[in-house]
file input_1.txt (compact mmCIF, C-alpha atoms and all ligand atoms)
# COMPACT_ATOMS: atom_id res chain seq x y z
CA HIS A 1183 92.37 107.16 115.39
CA GLU A 1184 90.80 104.13 117.09
CA GLN A 1185 88.83 103.34 113.96
CA PHE A 1186 92.00 102.03 112.30
CA ASN A 1187 92.63 98.52 113.57
CA GLY A 1188 91.88 94.91 112.71
CA ILE A 1189 92.31 93.08 109.44
CA ILE A 1190 91.92 95.28 106.38
CA PRO A 1191 91.85 93.71 102.92
CA ALA A 1192 93.85 95.49 100.24
CA LEU A 1193 90.94 94.97 97.89
CA ILE A 1194 91.32 93.11 94.60
CA THR A 1195 89.70 95.43 92.03
CA PRO A 1196 86.87 93.59 90.24
CA TYR A 1197 86.86 94.11 86.46
CA GLY A 1198 83.84 93.43 84.27
CA ALA A 1199 83.63 91.87 80.79
CA ASP A 1200 84.55 95.22 79.18
CA GLY A 1201 87.74 95.39 81.28
CA GLY A 1202 86.48 98.35 83.32
CA ILE A 1203 85.71 98.36 87.05
CA SER A 1204 82.67 96.23 87.85
CA ASP A 1205 80.23 98.12 90.04
CA SER A 1206 78.16 95.05 90.94
CA VAL A 1207 81.01 92.62 91.71
CA THR A 1208 82.81 95.28 93.76
CA ARG A 1209 79.70 95.66 95.91
CA GLN A 1210 79.28 91.89 96.18
CA LEU A 1211 82.90 91.36 97.25
CA VAL A 1212 82.91 94.23 99.73
CA ARG A 1213 79.68 93.00 101.39
CA HIS A 1214 81.08 89.48 101.61
CA LEU A 1215 84.34 90.64 103.21
CA ILE A 1216 82.49 92.77 105.77
CA SER A 1217 80.38 89.75 106.69
CA GLN A 1218 83.61 87.82 107.27
CA GLY A 1219 85.05 90.47 109.60
CA ALA A 1220 86.87 93.00 107.38
CA ALA A 1221 87.74 96.00 109.55
CA GLY A 1222 88.12 98.37 106.61
CA PHE A 1223 89.28 98.50 103.01
CA TYR A 1224 92.46 99.65 101.33
CA LEU A 1225 91.84 100.55 97.69
CA SER A 1226 94.01 100.71 94.55
CA GLY A 1227 97.17 99.67 96.37
CA SER A 1228 99.54 97.02 95.07
CA THR A 1229 96.88 94.30 95.23
CA GLY A 1230 94.24 96.62 93.80
CA GLU A 1231 96.46 97.36 90.75
CA GLY A 1232 96.37 101.10 91.40
CA PHE A 1233 99.33 101.70 89.12
CA LEU A 1234 97.59 99.94 86.24
CA GLN A 1235 94.51 102.15 86.57
CA SER A 1236 93.71 105.61 85.33
CA THR A 1237 93.17 108.40 87.86
CA GLU A 1238 89.45 108.37 86.95
CA GLU A 1239 89.20 104.64 87.62
CA ARG A 1240 90.82 104.99 91.02
CA GLN A 1241 88.26 107.67 91.85
CA GLN A 1242 85.42 105.57 90.48
CA LEU A 1243 86.40 102.55 92.59
CA LEU A 1244 86.55 104.67 95.74
CA GLU A 1245 83.08 106.11 95.08
CA ILE A 1246 81.55 102.65 94.57
CA VAL A 1247 83.10 101.22 97.73
CA LEU A 1248 82.16 104.24 99.85
CA ASP A 1249 78.59 104.04 98.59
CA GLU A 1250 78.37 100.34 99.46
CA VAL A 1251 80.14 100.53 102.81
CA LYS A 1252 78.44 103.76 103.99
CA SER A 1253 80.22 104.30 107.30
CA GLU A 1254 80.32 100.70 108.51
CA VAL A 1255 84.11 100.45 108.27
CA PRO A 1256 86.82 102.96 107.32
CA VAL A 1257 87.90 103.13 103.69
CA ILE A 1258 91.50 104.05 102.94
CA ALA A 1259 92.23 105.32 99.43
CA HIS A 1260 95.71 104.61 98.18
CA VAL A 1261 96.66 107.77 96.28
CA GLY A 1262 100.33 107.01 95.73
CA ALA A 1263 101.80 107.89 92.36
CA MET A 1264 105.15 108.52 90.70
CA ASP A 1265 104.25 112.19 90.50
CA THR A 1266 103.09 114.46 93.28
CA ALA A 1267 100.40 116.14 91.17
CA THR A 1268 98.45 112.91 90.66
CA ALA A 1269 98.75 111.99 94.34
CA VAL A 1270 97.47 115.45 95.29
CA GLN A 1271 94.56 115.23 92.84
CA LEU A 1272 93.55 111.82 94.20
CA THR A 1273 93.84 113.10 97.78
CA ARG A 1274 91.50 116.01 97.13
CA HIS A 1275 89.02 113.65 95.55
CA ALA A 1276 89.28 111.13 98.42
CA HIS A 1277 88.56 113.90 100.89
CA GLN A 1278 85.52 115.14 98.97
CA ALA A 1279 84.23 111.61 98.46
CA GLY A 1280 84.42 110.85 102.19
CA ALA A 1281 87.31 108.41 102.59
CA ALA A 1282 88.58 107.92 106.16
CA ALA A 1283 92.22 108.32 105.16
CA VAL A 1284 94.58 108.32 102.22
CA SER A 1285 97.78 106.36 101.89
CA ALA A 1286 100.72 106.71 99.53
CA VAL A 1287 103.78 104.69 98.61
CA THR A 1288 107.09 106.45 98.55
CA PRO A 1289 107.46 107.83 95.00
CA PHE A 1290 109.15 105.27 92.79
CA TYR A 1291 111.08 104.76 89.54
CA TYR A 1292 113.27 107.86 89.81
CA LYS A 1293 115.67 107.83 92.72
CA HIS A 1294 114.71 110.65 95.07
CA GLY A 1295 116.55 111.76 98.16
CA PRO A 1296 114.82 111.86 101.55
CA GLU A 1297 114.09 115.58 101.22
CA GLN A 1298 112.17 115.07 98.00
CA VAL A 1299 110.23 112.14 99.46
CA MET A 1300 109.40 114.23 102.53
CA ARG A 1301 108.25 117.11 100.29
CA HIS A 1302 106.05 114.68 98.34
CA TYR A 1303 104.33 113.57 101.56
CA ILE A 1304 103.95 117.12 102.86
CA ASP A 1305 102.38 118.21 99.57
CA ILE A 1306 99.88 115.34 99.86
CA VAL A 1307 98.99 116.05 103.47
CA GLU A 1308 98.59 119.76 102.77
CA ALA A 1309 96.30 119.10 99.81
CA ALA A 1310 93.23 118.27 101.91
CA ASP A 1311 92.07 117.81 105.48
CA ILE A 1312 92.34 114.02 105.52
CA PRO A 1313 94.76 111.80 107.49
CA LEU A 1314 97.64 110.22 105.61
CA ILE A 1315 99.16 106.78 106.11
CA ALA A 1316 102.58 106.49 104.46
CA TYR A 1317 103.38 103.22 102.72
CA HIS A 1318 106.76 101.49 103.02
CA ILE A 1319 107.15 98.73 100.46
CA PRO A 1320 110.84 98.64 99.49
CA GLY A 1321 110.49 95.32 97.63
CA LEU A 1322 108.35 97.04 94.99
CA THR A 1323 109.37 100.71 95.11
CA GLY A 1324 113.09 100.10 95.58
CA SER A 1325 113.01 102.94 98.09
CA ASN A 1326 114.20 101.88 101.52
CA ALA A 1327 113.46 104.90 103.70
CA SER A 1328 115.19 104.78 107.08
CA VAL A 1329 113.86 104.64 110.63
CA ASP A 1330 115.03 108.24 111.09
CA PHE A 1331 113.12 109.29 108.00
CA TYR A 1332 109.88 107.86 109.41
CA LYS A 1333 110.57 109.47 112.78
CA GLU A 1334 110.68 112.85 111.06
CA LEU A 1335 107.63 112.00 108.97
CA SER A 1336 105.63 111.05 112.06
CA GLN A 1337 106.06 114.59 113.37
CA VAL A 1338 104.24 116.10 110.39
CA ASP A 1339 100.67 117.09 111.26
CA GLY A 1340 98.15 114.86 109.55
CA ILE A 1341 100.53 111.94 108.93
CA ILE A 1342 99.04 109.40 111.30
CA GLY A 1343 100.79 106.18 110.45
CA LEU A 1344 102.63 103.82 108.18
CA LYS A 1345 101.79 100.66 106.32
CA PHE A 1346 104.95 98.62 106.70
CA THR A 1347 105.39 95.97 104.01
CA SER A 1348 108.68 94.31 104.78
CA THR A 1349 109.39 91.16 106.77
CA ASN A 1350 112.04 93.00 108.78
CA VAL A 1351 110.11 92.96 112.05
CA TYR A 1352 113.03 94.52 113.91
CA GLU A 1353 112.90 97.55 111.62
CA MET A 1354 109.14 97.72 112.14
CA GLN A 1355 109.66 97.74 115.88
CA GLN A 1356 112.36 100.42 115.61
CA ILE A 1357 109.95 102.64 113.69
CA MET A 1358 107.25 102.13 116.34
CA ASP A 1359 109.69 102.92 119.11
CA SER A 1360 110.96 106.08 117.39
CA CYS A 1361 107.62 107.42 116.21
CA GLY A 1362 105.73 107.06 119.48
CA GLU A 1363 102.53 105.34 120.54
CA ASP A 1364 100.14 107.59 118.62
CA PHE A 1365 101.74 106.72 115.29
CA LEU A 1366 99.86 103.78 113.76
CA VAL A 1367 101.85 101.02 112.12
CA PHE A 1368 100.00 98.46 109.98
CA ASN A 1369 101.55 95.11 109.25
CA GLY A 1370 102.02 94.55 105.48
CA PRO A 1371 103.18 90.95 104.88
CA ASP A 1372 100.28 88.64 105.73
CA GLU A 1373 102.65 85.72 106.38
CA ILE A 1374 103.97 87.53 109.49
CA CYS A 1375 100.67 89.08 110.56
CA LEU A 1376 100.90 87.64 114.07
CA ALA A 1377 104.53 88.70 114.44
CA GLY A 1378 103.62 92.25 113.43
CA LEU A 1379 100.70 92.36 115.88
CA THR A 1380 102.91 90.97 118.63
CA MET A 1381 105.44 93.73 118.02
CA GLY A 1382 102.72 96.38 118.26
CA ALA A 1383 101.07 96.83 114.86
CA CYS A 1384 97.56 98.31 115.25
CA GLY A 1385 96.23 96.11 112.49
CA ALA A 1386 97.13 94.57 109.18
CA ILE A 1387 96.53 95.56 105.57
CA GLY A 1388 97.14 92.87 102.98
CA SER A 1389 96.15 91.00 99.90
CA THR A 1390 95.38 87.48 101.10
CA TYR A 1391 92.59 88.84 103.32
CA ASN A 1392 90.56 88.93 100.08
CA ILE A 1393 90.57 85.13 100.08
CA MET A 1394 91.18 84.26 103.76
CA MET A 1395 89.28 86.97 105.63
CA ALA A 1396 87.66 84.68 108.20
CA PRO A 1397 90.78 82.90 109.52
CA PHE A 1398 92.69 86.18 109.75
CA ALA A 1399 89.82 87.90 111.59
CA GLU A 1400 89.87 84.96 114.00
CA LEU A 1401 93.67 85.22 114.36
CA TYR A 1402 93.31 88.91 115.23
CA ARG A 1403 90.60 88.16 117.81
CA LEU A 1404 92.64 85.36 119.39
CA PHE A 1405 95.68 87.62 119.58
CA HIS A 1406 93.70 90.26 121.45
CA GLU A 1407 92.32 87.64 123.83
CA GLY A 1408 95.88 86.59 124.60
CA LYS A 1409 95.41 83.15 123.03
CA LEU A 1410 98.76 83.16 121.31
CA ALA A 1411 99.16 79.43 120.71
CA GLU A 1412 95.79 79.27 118.93
CA ALA A 1413 96.59 82.38 116.93
CA ARG A 1414 99.89 80.81 115.91
CA THR A 1415 98.14 77.65 114.74
CA LEU A 1416 96.00 79.80 112.44
CA GLN A 1417 99.04 81.71 111.14
CA TYR A 1418 100.65 78.38 110.25
CA GLU A 1419 97.48 77.28 108.45
CA VAL A 1420 97.14 80.41 106.32
CA ASN A 1421 100.85 80.32 105.56
CA ARG A 1422 100.43 76.90 103.95
CA VAL A 1423 98.09 78.58 101.48
CA ILE A 1424 100.41 81.58 101.04
CA ARG A 1425 103.22 79.17 100.21
CA GLU A 1426 101.11 77.83 97.32
CA LEU A 1427 100.12 81.36 96.32
CA LEU A 1428 103.73 82.48 96.05
CA ARG A 1429 104.31 79.99 93.20
CA TYR A 1430 102.18 82.41 91.14
CA ASP A 1431 101.73 86.12 90.84
CA PHE A 1432 99.73 86.75 94.01
CA ILE A 1433 97.12 88.85 92.21
CA ALA A 1434 96.52 86.19 89.52
CA PHE A 1435 96.22 83.49 92.19
CA GLU A 1436 93.81 85.45 94.38
CA ARG A 1437 91.62 86.41 91.42
CA GLU A 1438 91.32 82.75 90.50
CA ILE A 1439 90.36 81.74 94.05
CA LEU A 1440 87.75 84.50 94.17
CA ARG A 1441 86.37 83.36 90.81
CA LEU A 1442 86.09 79.81 92.13
CA GLN A 1443 84.21 81.21 95.14
CA GLY A 1444 81.67 82.92 92.89
CA PHE A 1445 83.12 86.42 92.60
CA GLU A 1446 83.64 87.22 88.91
CA VAL A 1447 86.51 89.65 89.50
CA GLY A 1448 88.08 89.17 86.06
CA SER A 1449 91.72 88.73 85.08
CA PRO A 1450 94.47 91.03 86.29
CA ARG A 1451 95.58 93.73 83.90
CA LYS A 1452 98.59 92.96 81.75
CA PRO A 1453 101.50 92.68 82.18
CA ILE A 1454 100.42 90.79 85.34
CA GLN A 1455 100.51 87.03 84.80
CA GLN A 1456 97.54 85.68 82.80
CA LEU A 1457 96.78 82.13 83.90
CA ILE A 1458 96.66 79.27 81.42
CA ASP A 1459 94.28 76.31 81.83
CA ALA A 1460 96.87 74.04 83.46
CA GLN A 1461 97.53 76.70 86.09
CA ARG A 1462 93.82 77.18 86.72
CA ALA A 1463 93.50 73.41 87.20
CA ASP A 1464 96.39 73.45 89.66
CA ILE A 1465 94.85 76.33 91.65
CA TYR A 1466 91.54 74.47 91.64
CA GLU A 1467 93.31 71.55 93.34
CA VAL A 1468 94.87 73.90 95.89
CA ALA A 1469 91.43 75.42 96.56
CA LYS A 1470 89.95 71.96 97.15
CA ARG A 1471 92.83 70.86 99.37
CA PHE A 1472 92.49 73.94 101.57
CA SER A 1473 88.68 73.86 101.63
CA PHE A 1474 88.12 77.11 99.76
CA LEU A 1475 85.34 75.41 97.80
O1 LIG B 1501 99.06 97.54 98.86
C1 LIG B 1501 98.69 96.39 98.96
O2 LIG B 1501 97.90 95.90 98.18
C2 LIG B 1501 99.20 95.56 100.03
O3 LIG B 1501 98.63 95.53 101.07
C3 LIG B 1501 100.40 94.77 99.79
C4 LIG B 1501 100.57 93.69 100.82
O4 LIG B 1501 101.38 94.10 101.88
C5 LIG B 1501 101.13 92.47 100.13
N1 LIG B 1501 102.53 92.65 99.84
C6 LIG B 1501 103.02 92.51 98.64
C7 LIG B 1501 104.48 92.74 98.48
O5 LIG B 1501 102.36 92.21 97.72
C8 LIG B 1501 100.93 91.26 101.00
O6 LIG B 1501 99.59 91.16 101.33
C9 LIG B 1501 101.39 90.00 100.24
O7 LIG B 1501 100.72 89.90 99.02
C10 LIG B 1501 101.12 88.76 101.05
O8 LIG B 1501 101.71 88.91 102.29
C11 LIG B 1501 101.65 87.50 100.35
O9 LIG B 1501 103.05 87.56 100.25
call {"tool": "encode", "arguments": {"input": "input_1.txt", "output": "structure tokens"}}
result
Amino acid sequence: HEQFNGIIPALITPYGADGGISDSVTRQLVRHLISQGAAGFYLSGSTGEGFLQSTEERQQLLEIVLDEVKSEVPVIAHVGAMDTATAVQLTRHAHQAGAAAVSAVTPFYYKHGPEQVMRHYIDIVEAADIPLIAYHIPGLTGSNASVDFYKELSQVDGIIGLKFTSTNVYEMQQIMDSCGEDFLVFNGPDEICLAGLTMGACGAIGSTYNIMMAPFAELYRLFHEGKLAEARTLQYEVNRVIRELLRYDFIAFEREILRLQGFEVGSPRKPIQQLIDAQRADIYEVAKRFSFL
């Protein structure tokens, strides 16, 4: 699975004036990110607002991105859902459409035991012949699956890795150690990208790569050249932006930065924060200060 590495934006989903997915802006954004070093795309995840989209929209977005990207970089379709049936439906579609892999959060809202979560993942992986990357994001799902759970999961045929979105780097390392070298672990929190890579993550999937693709691609390159001090300097620089971003809903902030950069990606879907003029003015100042403009 060598194709899965590098810095992979969890794509912001561009919406048009009618509120639906914008075909043209999606293509524009995807092309731009590839030119800046994107090593793949992760669609309809947390950043992509997958849970605020219909099943048809998630399929539509995947088809647009695959058509634009051709086979230049791998496209990972997030198919996670509260219910197994939707995740299975999206998986079958992703396979037919030609995605490189699917990924799914642990099912959320209801409290399921490990056996039910395992069954959910097995049902997804058995639905189609396409690799599956599990998605650990306890801060949003409330489901904190254990290291032992992931060890068992890694032994299921077709489950090739895990996107690990928690700043507990020790836990990340314990999962890597238990699951073996072939099991891919992607760093989730962009603010510890370098720490995750240092610990052994094969790459990183995250939201701020939509707005800071170039410095993160450079950080990844420096890391692999063993230039750790330079990579760390870059991590510190991007974290100064992330610190500003975290004063807002991250999706609202990133959409505004993209808009200022000429990508008309539209507002996030409610109930995500809708920016007022004073907030836009503040983000404009941040963008100027950090040379986004
Ligand atoms: O599924 C996704 O869209 C992600 O990749 C989520 C990603 O890990 C983000 N995590 C959360 C909790 O939103 C990060 O990219 C995060 O936005 C960033 O590190 C800033 O905190």
call {"tool": "axis_aligned_box", "arguments": {"input": "input_1.txt", "around": "ligand LIG 1501 (chain B)", "padding_each_side": "8 Å", "output": "lines of an AutoDock Vina configuration file"}}
result
center_x = 101.2
center_y = 92.5
center_z = 100.0
size_x = 22.6
size_y = 26.0
size_z = 20.6
call {"tool": "residues_near_point", "arguments": {"input": "input_1.txt", "point": "(102.8, 112.5, 87.8)", "cutoff": "12 Å", "atoms": "only C-alpha atoms", "output": "list in words"}}
result
Phe1233, Ser1236, Thr1237, Val1261, Gly1262, Ala1263, Met1264, Asp1265, Thr1266, Ala1267, Thr1268, Ala1269, Val1270, Gln1271, Leu1272, Pro1289, Phe1290, Tyr1291, Tyr1292 and His1302 of chain A
call {"tool": "residues_near_ligand", "arguments": {"input": "input_1.txt", "ligand": "ligand LIG 1501 (chain B)", "cutoff": "7 Å", "atoms": "all atoms listed in the file", "output": "MDAnalysis selection string"}}
result
chainID A and resid 1192 1227:1230 1319 1321:1322 1347 1370:1373 1387:1390 1424 1428 1432
call {"tool": "residues_around", "arguments": {"input": "input_1.txt", "residues": "stretch 1207-1223 of chain A", "least_positions_apart": "3", "cutoff": "6 Å", "atoms": "all atoms listed in the file", "output": "count of residues only"}}
result
13
call {"tool": "closest_residue", "arguments": {"input": "input_1.txt", "among": "A:Ala1309, A:Leu1314, A:Leu1225, A:Met1354", "to": "A:Asn1392", "atoms": "all atoms listed in the file"}}
result
A:Leu1225
call {"tool": "residues_around", "arguments": {"input": "input_1.txt", "residues": "stretch 1411-1419 of chain A", "least_positions_apart": "5", "cutoff": "12 Å", "atoms": "only C-alpha atoms", "output": "ChimeraX atom specification"}}
result
/A:1371-1380,1394-1406,1424-1426,1472-1473
call {"tool": "closest_residue", "arguments": {"input": "input_1.txt", "among": "A:Ala1282, A:Met1381, A:Ile1393, A:Val1367", "to": "A:Val1420", "atoms": "all atoms listed in the file"}}
result
A:Ile1393
call {"tool": "residues_around", "arguments": {"input": "input_1.txt", "residues": "stretch 1465-1467 of chain A", "least_positions_apart": "4", "cutoff": "10 Å", "atoms": "all atoms listed in the file", "output": "MDAnalysis selection string"}}
result
chainID A and resid 1426:1427 1430 1435:1436 1438:1439 1442 1457 1459:1461 1471:1475
call {"tool": "closest_residue", "arguments": {"input": "input_1.txt", "among": "A:Cys1361, A:Val1423, A:Val1447, A:Val1307", "to": "A:Gly1202", "atoms": "all atoms listed in the file"}}
result
A:Val1447
call {"tool": "atom_distance", "arguments": {"input": "input_1.txt", "atom1": "atom CA of A:Ala1383", "atom2": "atom CA of A:Ser1253"}}
result
23.4 Å
call {"tool": "atom_distance", "arguments": {"input": "input_1.txt", "atom1": "atom CA of A:Asp1364", "atom2": "atom CA of A:Ala1276"}}
result
23.2 Å
call {"tool": "atom_distance", "arguments": {"input": "input_1.txt", "atom1": "atom CA of A:Gly1343", "atom2": "atom CA of A:Ile1315"}}
result
4.7 Å
call {"tool": "build_atoms", "arguments": {"input": "input_1.txt", "residues": "stretch 1297-1327 of chain A", "atoms": "N, CA and C atoms", "output": "PDB file, keeping the file's coordinate frame"}}
result
ATOM      1  N   GLU A1297     114.778 114.278 101.196  1.00  0.00           N
ATOM      2  CA  GLU A1297     114.090 115.580 101.220  1.00  0.00           C
ATOM      3  C   GLU A1297     112.970 115.647 100.205  1.00  0.00           C
ATOM      4  N   GLN A1298     113.211 115.054  99.037  1.00  0.00           N
ATOM      5  CA  GLN A1298     112.170 115.070  98.000  1.00  0.00           C
ATOM      6  C   GLN A1298     110.992 114.176  98.418  1.00  0.00           C
ATOM      7  N   VAL A1299     111.310 113.039  99.030  1.00  0.00           N
ATOM      8  CA  VAL A1299     110.230 112.140  99.460  1.00  0.00           C
ATOM      9  C   VAL A1299     109.405 112.826 100.554  1.00  0.00           C
ATOM     10  N   MET A1300     110.102 113.492 101.462  1.00  0.00           N
ATOM     11  CA  MET A1300     109.400 114.230 102.530  1.00  0.00           C
ATOM     12  C   MET A1300     108.497 115.309 101.920  1.00  0.00           C
ATOM     13  N   ARG A1301     109.031 116.033 100.944  1.00  0.00           N
ATOM     14  CA  ARG A1301     108.250 117.110 100.290  1.00  0.00           C
ATOM     15  C   ARG A1301     107.000 116.522  99.619  1.00  0.00           C
ATOM     16  N   HIS A1302     107.168 115.376  98.994  1.00  0.00           N
ATOM     17  CA  HIS A1302     106.050 114.680  98.340  1.00  0.00           C
ATOM     18  C   HIS A1302     104.941 114.412  99.373  1.00  0.00           C
ATOM     19  N   TYR A1303     105.328 113.868 100.528  1.00  0.00           N
ATOM     20  CA  TYR A1303     104.330 113.570 101.560  1.00  0.00           C
ATOM     21  C   TYR A1303     103.705 114.838 102.129  1.00  0.00           C
ATOM     22  N   ILE A1304     104.505 115.866 102.310  1.00  0.00           N
ATOM     23  CA  ILE A1304     103.950 117.120 102.860  1.00  0.00           C
ATOM     24  C   ILE A1304     102.963 117.733 101.864  1.00  0.00           C
ATOM     25  N   ASP A1305     103.306 117.669 100.579  1.00  0.00           N
ATOM     26  CA  ASP A1305     102.380 118.210  99.570  1.00  0.00           C
ATOM     27  C   ASP A1305     101.055 117.441  99.605  1.00  0.00           C
ATOM     28  N   ILE A1306     101.122 116.130  99.810  1.00  0.00           N
ATOM     29  CA  ILE A1306      99.880 115.340  99.860  1.00  0.00           C
ATOM     30  C   ILE A1306      99.072 115.737 101.090  1.00  0.00           C
ATOM     31  N   VAL A1307      99.730 115.795 102.234  1.00  0.00           N
ATOM     32  CA  VAL A1307      98.990 116.050 103.470  1.00  0.00           C
ATOM     33  C   VAL A1307      98.436 117.469 103.505  1.00  0.00           C
ATOM     34  N   GLU A1308      99.090 118.370 102.792  1.00  0.00           N
ATOM     35  CA  GLU A1308      98.590 119.760 102.770  1.00  0.00           C
ATOM     36  C   GLU A1308      97.480 119.960 101.740  1.00  0.00           C
ATOM     37  N   ALA A1309      97.266 118.944 100.901  1.00  0.00           N
ATOM     38  CA  ALA A1309      96.300 119.100  99.810  1.00  0.00           C
ATOM     39  C   ALA A1309      94.859 119.078 100.297  1.00  0.00           C
ATOM     40  N   ALA A1310      94.609 118.376 101.410  1.00  0.00           N
ATOM     41  CA  ALA A1310      93.230 118.270 101.910  1.00  0.00           C
ATOM     42  C   ALA A1310      93.266 117.866 103.373  1.00  0.00           C
ATOM     43  N   ASP A1311      92.160 118.113 104.043  1.00  0.00           N
ATOM     44  CA  ASP A1311      92.070 117.810 105.480  1.00  0.00           C
ATOM     45  C   ASP A1311      91.660 116.343 105.654  1.00  0.00           C
ATOM     46  N   ILE A1312      92.612 115.455 105.408  1.00  0.00           N
ATOM     47  CA  ILE A1312      92.340 114.020 105.520  1.00  0.00           C
ATOM     48  C   ILE A1312      93.628 113.348 106.007  1.00  0.00           C
ATOM     49  N   PRO A1313      93.533 112.425 106.975  1.00  0.00           N
ATOM     50  CA  PRO A1313      94.760 111.800 107.490  1.00  0.00           C
ATOM     51  C   PRO A1313      95.490 110.982 106.435  1.00  0.00           C
ATOM     52  N   LEU A1314      96.807 110.934 106.580  1.00  0.00           N
ATOM     53  CA  LEU A1314      97.640 110.220 105.610  1.00  0.00           C
ATOM     54  C   LEU A1314      98.415 109.089 106.291  1.00  0.00           C
ATOM     55  N   ILE A1315      98.382 107.936 105.654  1.00  0.00           N
ATOM     56  CA  ILE A1315      99.160 106.780 106.110  1.00  0.00           C
ATOM     57  C   ILE A1315     100.241 106.533 105.054  1.00  0.00           C
ATOM     58  N   ALA A1316     101.494 106.725 105.424  1.00  0.00           N
ATOM     59  CA  ALA A1316     102.580 106.490 104.460  1.00  0.00           C
ATOM     60  C   ALA A1316     102.677 104.987 104.189  1.00  0.00           C
ATOM     61  N   TYR A1317     103.352 104.627 103.132  1.00  0.00           N
ATOM     62  CA  TYR A1317     103.380 103.220 102.720  1.00  0.00           C
ATOM     63  C   TYR A1317     104.821 102.837 102.354  1.00  0.00           C
ATOM     64  N   HIS A1318     105.376 101.969 103.194  1.00  0.00           N
ATOM     65  CA  HIS A1318     106.760 101.490 103.020  1.00  0.00           C
ATOM     66  C   HIS A1318     106.701 100.124 102.371  1.00  0.00           C
ATOM     67  N   ILE A1319     107.152 100.026 101.150  1.00  0.00           N
ATOM     68  CA  ILE A1319     107.150  98.730 100.460  1.00  0.00           C
ATOM     69  C   ILE A1319     108.399  98.656  99.565  1.00  0.00           C
ATOM     70  N   PRO A1320     109.575  98.539 100.226  1.00  0.00           N
ATOM     71  CA  PRO A1320     110.840  98.640  99.490  1.00  0.00           C
ATOM     72  C   PRO A1320     110.989  97.572  98.403  1.00  0.00           C
ATOM     73  N   GLY A1321     110.376  96.393  98.614  1.00  0.00           N
ATOM     74  CA  GLY A1321     110.490  95.320  97.630  1.00  0.00           C
ATOM     75  C   GLY A1321     109.920  95.716  96.269  1.00  0.00           C
ATOM     76  N   LEU A1322     108.948  96.610  96.253  1.00  0.00           N
ATOM     77  CA  LEU A1322     108.350  97.040  94.990  1.00  0.00           C
ATOM     78  C   LEU A1322     108.792  98.430  94.555  1.00  0.00           C
ATOM     79  N   THR A1323     108.983  99.341  95.512  1.00  0.00           N
ATOM     80  CA  THR A1323     109.370 100.710  95.110  1.00  0.00           C
ATOM     81  C   THR A1323     110.878 100.844  94.943  1.00  0.00           C
ATOM     82  N   GLY A1324     111.635  99.952  95.605  1.00  0.00           N
ATOM     83  CA  GLY A1324     113.090 100.100  95.580  1.00  0.00           C
ATOM     84  C   GLY A1324     113.562 101.219  96.491  1.00  0.00           C
ATOM     85  N   SER A1325     112.635 101.818  97.235  1.00  0.00           N
ATOM     86  CA  SER A1325     113.010 102.940  98.090  1.00  0.00           C
ATOM     87  C   SER A1325     112.965 102.497  99.547  1.00  0.00           C
ATOM     88  N   ASN A1326     114.141 102.394 100.160  1.00  0.00           N
ATOM     89  CA  ASN A1326     114.200 101.880 101.520  1.00  0.00           C
ATOM     90  C   ASN A1326     114.428 103.021 102.507  1.00  0.00           C
ATOM     91  N   ALA A1327     113.349 103.760 102.784  1.00  0.00           N
ATOM     92  CA  ALA A1327     113.460 104.900 103.700  1.00  0.00           C
ATOM     93  C   ALA A1327     113.863 104.400 105.089  1.00  0.00           C
TER      94      ALA A1327
END
